[in-house]
Amino acid sequence: MPHGWRPELVALDVDGTIVTYAEFHEQPRPPVVDAVRRAHDAGAHIVVATGRSMHSTLPLLDQLGLKDGYAVCSNGAVVVDVATRSPVDIETFDITDTVRYFTATIPDAVLAVEELGRGYRVTGEFPAGDLDGHVTVVEHDELVAQPVTRLVVRWPNGDRERLRVIARDSGLPSVDYAIGYTAWLDIMPVGVSKASGLAKVAARLGLTAADALAVGDGHNDLEMLRWAAVGVAMGQAPDDVKAVADTVCGDVESNGLAALLETYYPVPE
């Protein structure tokens with residue numbers, strides 16, 4: 001980057017970047033909130049880019065004091081106008097064949113799809129704390145009745161590595177997460193990622209990837225770290241995430257994001 005370069009778009013992952021993994025509803029710490037607001041006040045477009053659904057992202061935006069701009073939710077499938085708290089772009093896909101594949105391959109898995117702005121429709125009970133919002137149990141036929149933004153595959157008693165293999169063999173785009181010692185998988189529409197959602201936001205703002213800084217710690221952040229002019233991995237990120245980043249900052253427990261943002265948007269003297 002040229003000397004003195006400062007991002008005009010700052011894309012921030014949530015869990016493991018803005019907040020720790022202590023619990024789902026944890027609030028961002030004051031140093032992080034202050035750093036994000038300072039960047040915003042300096043003219044940066046702050047874009048939260050998260051795997052969280054819209055209904056669980058909106059409270060975080062309030063905690064950060066963000067009242068305008070955009071957020072990228074559901075790993076890029078939903079772009080939200082922060083001011084109106086409503087989606088402006090939604091990517092969906094037909095999950096009929098996908099549900100059939102996973103139901104046949106992992107009969108004891110539970111599946112879920114997002115009900116935008118409300119919660120989830122699920123085929124069975126998810127472990128406590130996994131999902132927030134309104135949760136409705138439905139039959140498989142109802143799950144696939146209409147296109148969705150993503151399909152969640154949760155295998156409470158399954159092996160995470162085995163789930164990765166099953167997902168890979170399906171040929172479907174997916175992002176896996178570790179939740180405790182069990183397995184969680186997000187199946188996304190083809191071509192959808194945080195990077196694709198951020199590219200749409202950048203276009204709306206008259207910007208490009210060359211204007212962007214992106215910060216994250218997970219496998220669902222890989223595409224956006226590659227997309228941005230400067231991709232930064234959190235200190236606790238897995239090695240393969242750090243490998244695609246341009247640099248690594250401190251970990252989430254030590255408020256690494258706040259320290260990183262301060263290098264671009266210092267505290268006024």
# chains A, B, ... in the order shown; residues from 1 in each chain; ligands from 1

$ residues_around --residues "A:Ala229" --least-positions-apart "6" --cutoff "7 Å" --atoms "only C-alpha atoms" --output "PyMOL selection string"
chain A and resi 209-213

$ select_by_dssp --residues "stretch 26-104 of chain A" --states "strand (DSSP E)" --output "PyMOL selection string"
chain A and resi 45-49+70-73+78-81+86-90

$ closest_residue --among "A:Ile90, A:Leu172, A:Ala104, A:Leu207" --to "A:Ser74" --atoms "only C-alpha atoms"
A:Ile90

$ residues_around --residues "A:Gly216" --least-positions-apart "6" --cutoff "8 Å" --atoms "only C-alpha atoms" --output "PyMOL selection string"
chain A and resi 12-14+16-17+225+232-234+237

$ closest_residue --among "A:Tyr120, A:Gly65, A:Ser170, A:Val148" --to "A:Thr98" --atoms "only C-alpha atoms"
A:Ser170

$ residues_around --residues "A:Asn255" --least-positions-apart "4" --cutoff "10 Å" --atoms "only C-alpha atoms" --output "list in words"
Thr17, Ile18, Val19, Thr20, Pro28, Arg29, Pro30, Pro31, Val32, Met234, Cys249, Gly250, Asp251, Ala259 and Leu260 of chain A

$ closest_residue --among "A:Val122, A:Val248, A:Ala199, A:Leu116" --to "A:Val215" --atoms "only C-alpha atoms"
A:Val248

$ closest_residue --among "A:Ala35, A:Val244, A:Val110, A:Ala128" --to "A:His140" --atoms "only C-alpha atoms"
A:Val110

$ residues_around --residues "A:Phe93" --least-positions-apart "6" --cutoff "10 Å" --atoms "only C-alpha atoms" --output "JSON, numbers by chain"
{"A": [77, 146, 147, 148, 149, 150, 151, 188, 189, 190]}

$ residues_around --residues "A:Val78" --least-positions-apart "3" --cutoff "9 Å" --atoms "only C-alpha atoms" --output "tab-separated table (two decimals) with all heavy atoms, in the first residue's frame"
chain	number	residue	atom	x	y	z
A	53	SER	N	-27.28	-13.94	10.96
A	53	SER	CA	-28.46	-13.52	10.20
A	53	SER	C	-28.75	-12.05	10.50
A	53	SER	O	-28.20	-11.46	11.43
A	53	SER	CB	-29.66	-14.38	10.59
A	53	SER	OG	-29.87	-14.31	11.98
A	54	MET	N	-29.63	-11.47	9.69
A	54	MET	CA	-29.94	-10.05	9.84
A	54	MET	C	-30.49	-9.74	11.22
A	54	MET	O	-30.09	-8.75	11.85
A	54	MET	CB	-30.94	-9.62	8.76
A	54	MET	CG	-31.25	-8.13	8.77
A	54	MET	SD	-32.38	-7.62	7.44
A	54	MET	CE	-33.96	-8.14	8.14
A	71	ALA	N	-24.65	-3.43	5.93
A	71	ALA	CA	-24.09	-4.60	6.60
A	71	ALA	C	-24.26	-5.80	5.68
A	71	ALA	O	-25.25	-5.87	4.92
A	71	ALA	CB	-24.79	-4.85	7.93
A	72	VAL	N	-23.32	-6.70	5.73
A	72	VAL	CA	-23.37	-7.94	4.95
A	72	VAL	C	-23.64	-9.08	5.92
A	72	VAL	O	-22.84	-9.35	6.82
A	72	VAL	CB	-22.05	-8.17	4.18
A	72	VAL	CG1	-22.06	-9.53	3.50
A	72	VAL	CG2	-21.84	-7.06	3.16
A	73	CYS	N	-24.79	-9.74	5.78
A	73	CYS	CA	-25.21	-10.80	6.70
A	73	CYS	C	-25.29	-12.15	5.99
A	73	CYS	O	-25.19	-12.23	4.76
A	73	CYS	CB	-26.57	-10.45	7.30
A	73	CYS	SG	-26.62	-8.87	8.16
A	74	SER	N	-25.47	-13.20	6.78
A	74	SER	CA	-25.64	-14.56	6.24
A	74	SER	C	-24.54	-14.91	5.25
A	74	SER	O	-24.77	-15.48	4.20
A	74	SER	CB	-27.02	-14.68	5.57
A	74	SER	OG	-28.05	-14.40	6.49
A	75	ASN	N	-23.30	-14.57	5.63
A	75	ASN	CA	-22.12	-14.88	4.80
A	75	ASN	C	-22.24	-14.35	3.38
A	75	ASN	O	-21.76	-14.98	2.43
A	75	ASN	CB	-21.87	-16.39	4.78
A	75	ASN	CG	-21.28	-16.90	6.07
A	75	ASN	OD1	-20.42	-16.24	6.66
A	75	ASN	ND2	-21.74	-18.04	6.55
A	87	PRO	N	-33.35	-5.39	4.13
A	87	PRO	CA	-32.45	-5.89	3.09
A	87	PRO	C	-32.61	-5.12	1.79
A	87	PRO	O	-33.72	-4.72	1.42
A	87	PRO	CB	-32.88	-7.36	2.93
A	87	PRO	CG	-34.29	-7.39	3.43
A	87	PRO	CD	-34.41	-6.36	4.49
A	88	VAL	N	-31.50	-4.90	1.11
A	88	VAL	CA	-31.52	-4.26	-0.20
A	88	VAL	C	-31.05	-5.22	-1.29
A	88	VAL	O	-31.16	-4.92	-2.48
A	88	VAL	CB	-30.67	-2.98	-0.23
A	88	VAL	CG1	-31.29	-1.92	0.66
A	88	VAL	CG2	-29.23	-3.26	0.19
A	89	ASP	N	-30.49	-6.35	-0.88
A	89	ASP	CA	-30.07	-7.37	-1.85
A	89	ASP	C	-30.11	-8.73	-1.16
A	89	ASP	O	-29.57	-8.88	-0.07
A	89	ASP	CB	-28.66	-7.07	-2.37
A	89	ASP	CG	-28.30	-7.92	-3.58
A	89	ASP	OD1	-28.00	-9.12	-3.41
A	89	ASP	OD2	-28.34	-7.40	-4.70
A	90	ILE	N	-30.76	-9.70	-1.80
A	90	ILE	CA	-30.89	-11.04	-1.23
A	90	ILE	C	-30.56	-12.07	-2.29
A	90	ILE	O	-31.10	-12.03	-3.40
A	90	ILE	CB	-32.32	-11.29	-0.71
A	90	ILE	CG1	-32.74	-10.23	0.31
A	90	ILE	CG2	-32.43	-12.67	-0.08
A	90	ILE	CD1	-34.21	-10.29	0.69
A	91	GLU	N	-29.67	-12.99	-1.96
A	91	GLU	CA	-29.33	-14.11	-2.85
A	91	GLU	C	-29.97	-15.38	-2.28
A	91	GLU	O	-29.74	-15.73	-1.12
A	91	GLU	CB	-27.81	-14.30	-2.93
A	91	GLU	CG	-27.07	-13.15	-3.56
A	91	GLU	CD	-26.99	-13.27	-5.07
A	91	GLU	OE1	-27.59	-14.22	-5.62
A	91	GLU	OE2	-26.32	-12.42	-5.69
A	116	LEU	N	-35.95	-14.57	7.09
A	116	LEU	CA	-35.28	-13.28	7.09
A	116	LEU	C	-35.93	-12.30	8.07
A	116	LEU	O	-37.13	-12.04	8.02
A	116	LEU	CB	-35.30	-12.69	5.68
A	116	LEU	CG	-34.34	-11.55	5.39
A	116	LEU	CD1	-32.90	-11.96	5.69
A	116	LEU	CD2	-34.47	-11.09	3.96
A	149	THR	N	-31.80	-18.30	1.72
A	149	THR	CA	-30.49	-17.64	1.66
A	149	THR	C	-29.36	-18.60	1.99
A	149	THR	O	-28.23	-18.42	1.52
A	149	THR	CB	-30.44	-16.46	2.64
A	149	THR	OG1	-30.82	-16.93	3.96
A	149	THR	CG2	-31.40	-15.37	2.20
A	197	GLY	N	-20.80	-10.08	-1.20
A	197	GLY	CA	-21.65	-9.08	-0.58
A	197	GLY	C	-20.93	-7.74	-0.45
A	197	GLY	O	-21.52	-6.68	-0.70

$ decode --residues "stretch 91-114 of chain A" --atoms "N, CA and C atoms" --output "mmCIF file, in the first residue's frame"
data_model
loop_
_atom_site.group_PDB
_atom_site.id
_atom_site.type_symbol
_atom_site.label_atom_id
_atom_site.label_comp_id
_atom_site.auth_asym_id
_atom_site.auth_seq_id
_atom_site.Cartn_x
_atom_site.Cartn_y
_atom_site.Cartn_z
ATOM 1 N N GLU A 91 -29.668 -12.994 -1.963
ATOM 2 C CA GLU A 91 -29.329 -14.109 -2.849
ATOM 3 C C GLU A 91 -29.968 -15.375 -2.284
ATOM 4 N N THR A 92 -30.755 -16.067 -3.099
ATOM 5 C CA THR A 92 -31.394 -17.299 -2.634
ATOM 6 C C THR A 92 -31.107 -18.438 -3.609
ATOM 7 N N PHE A 93 -31.382 -19.659 -3.163
ATOM 8 C CA PHE A 93 -31.232 -20.818 -4.043
ATOM 9 C C PHE A 93 -32.199 -21.917 -3.619
ATOM 10 N N ASP A 94 -32.436 -22.835 -4.532
ATOM 11 C CA ASP A 94 -33.334 -23.962 -4.292
ATOM 12 C C ASP A 94 -32.546 -25.058 -3.566
ATOM 13 N N ILE A 95 -33.013 -25.460 -2.394
ATOM 14 C CA ILE A 95 -32.262 -26.430 -1.592
ATOM 15 C C ILE A 95 -32.854 -27.839 -1.647
ATOM 16 N N THR A 96 -33.800 -28.078 -2.549
ATOM 17 C CA THR A 96 -34.468 -29.383 -2.580
ATOM 18 C C THR A 96 -33.476 -30.526 -2.691
ATOM 19 N N ASP A 97 -32.603 -30.492 -3.683
ATOM 20 C CA ASP A 97 -31.636 -31.572 -3.877
ATOM 21 C C ASP A 97 -30.610 -31.617 -2.753
ATOM 22 N N THR A 98 -30.261 -30.449 -2.246
ATOM 23 C CA THR A 98 -29.281 -30.368 -1.163
ATOM 24 C C THR A 98 -29.812 -31.034 0.103
ATOM 25 N N VAL A 99 -31.053 -30.736 0.449
ATOM 26 C CA VAL A 99 -31.671 -31.350 1.630
ATOM 27 C C VAL A 99 -31.769 -32.859 1.446
ATOM 28 N N ARG A 100 -32.125 -33.283 0.265
ATOM 29 C CA ARG A 100 -32.222 -34.716 -0.014
ATOM 30 C C ARG A 100 -30.859 -35.396 0.204
ATOM 31 N N TYR A 101 -29.800 -34.766 -0.276
ATOM 32 C CA TYR A 101 -28.456 -35.331 -0.154
ATOM 33 C C TYR A 101 -28.048 -35.473 1.317
ATOM 34 N N PHE A 102 -28.188 -34.401 2.082
ATOM 35 C CA PHE A 102 -27.742 -34.453 3.472
ATOM 36 C C PHE A 102 -28.646 -35.324 4.337
ATOM 37 N N THR A 103 -29.923 -35.347 4.035
ATOM 38 C CA THR A 103 -30.838 -36.208 4.791
ATOM 39 C C THR A 103 -30.488 -37.674 4.581
ATOM 40 N N ALA A 104 -30.142 -38.036 3.359
ATOM 41 C CA ALA A 104 -29.779 -39.420 3.061
ATOM 42 C C ALA A 104 -28.410 -39.778 3.629
ATOM 43 N N THR A 105 -27.482 -38.831 3.596
ATOM 44 C CA THR A 105 -26.103 -39.112 3.998
ATOM 45 C C THR A 105 -25.926 -39.041 5.510
ATOM 46 N N ILE A 106 -26.614 -38.111 6.162
ATOM 47 C CA ILE A 106 -26.510 -37.938 7.622
ATOM 48 C C ILE A 106 -27.923 -37.900 8.193
ATOM 49 N N PRO A 107 -28.565 -39.042 8.361
ATOM 50 C CA PRO A 107 -29.967 -39.046 8.801
ATOM 51 C C PRO A 107 -30.200 -38.388 10.158
ATOM 52 N N ASP A 108 -29.170 -38.380 11.028
ATOM 53 C CA ASP A 108 -29.376 -37.809 12.366
ATOM 54 C C ASP A 108 -28.992 -36.326 12.442
ATOM 55 N N ALA A 109 -28.694 -35.707 11.310
ATOM 56 C CA ALA A 109 -28.422 -34.267 11.306
ATOM 57 C C ALA A 109 -29.726 -33.487 11.377
ATOM 58 N N VAL A 110 -29.670 -32.293 11.929
ATOM 59 C CA VAL A 110 -30.822 -31.394 11.903
ATOM 60 C C VAL A 110 -30.496 -30.241 10.959
ATOM 61 N N LEU A 111 -31.517 -29.766 10.261
ATOM 62 C CA LEU A 111 -31.337 -28.751 9.230
ATOM 63 C C LEU A 111 -32.121 -27.499 9.598
ATOM 64 N N ALA A 112 -31.666 -26.374 9.098
ATOM 65 C CA ALA A 112 -32.355 -25.114 9.365
ATOM 66 C C ALA A 112 -32.194 -24.174 8.177
ATOM 67 N N VAL A 113 -33.209 -23.337 7.960
ATOM 68 C CA VAL A 113 -33.124 -22.257 6.984
ATOM 69 C C VAL A 113 -33.558 -20.974 7.674
ATOM 70 N N GLU A 114 -33.012 -19.872 7.198
ATOM 71 C CA GLU A 114 -33.292 -18.585 7.814
ATOM 72 C C GLU A 114 -34.625 -18.021 7.349
#
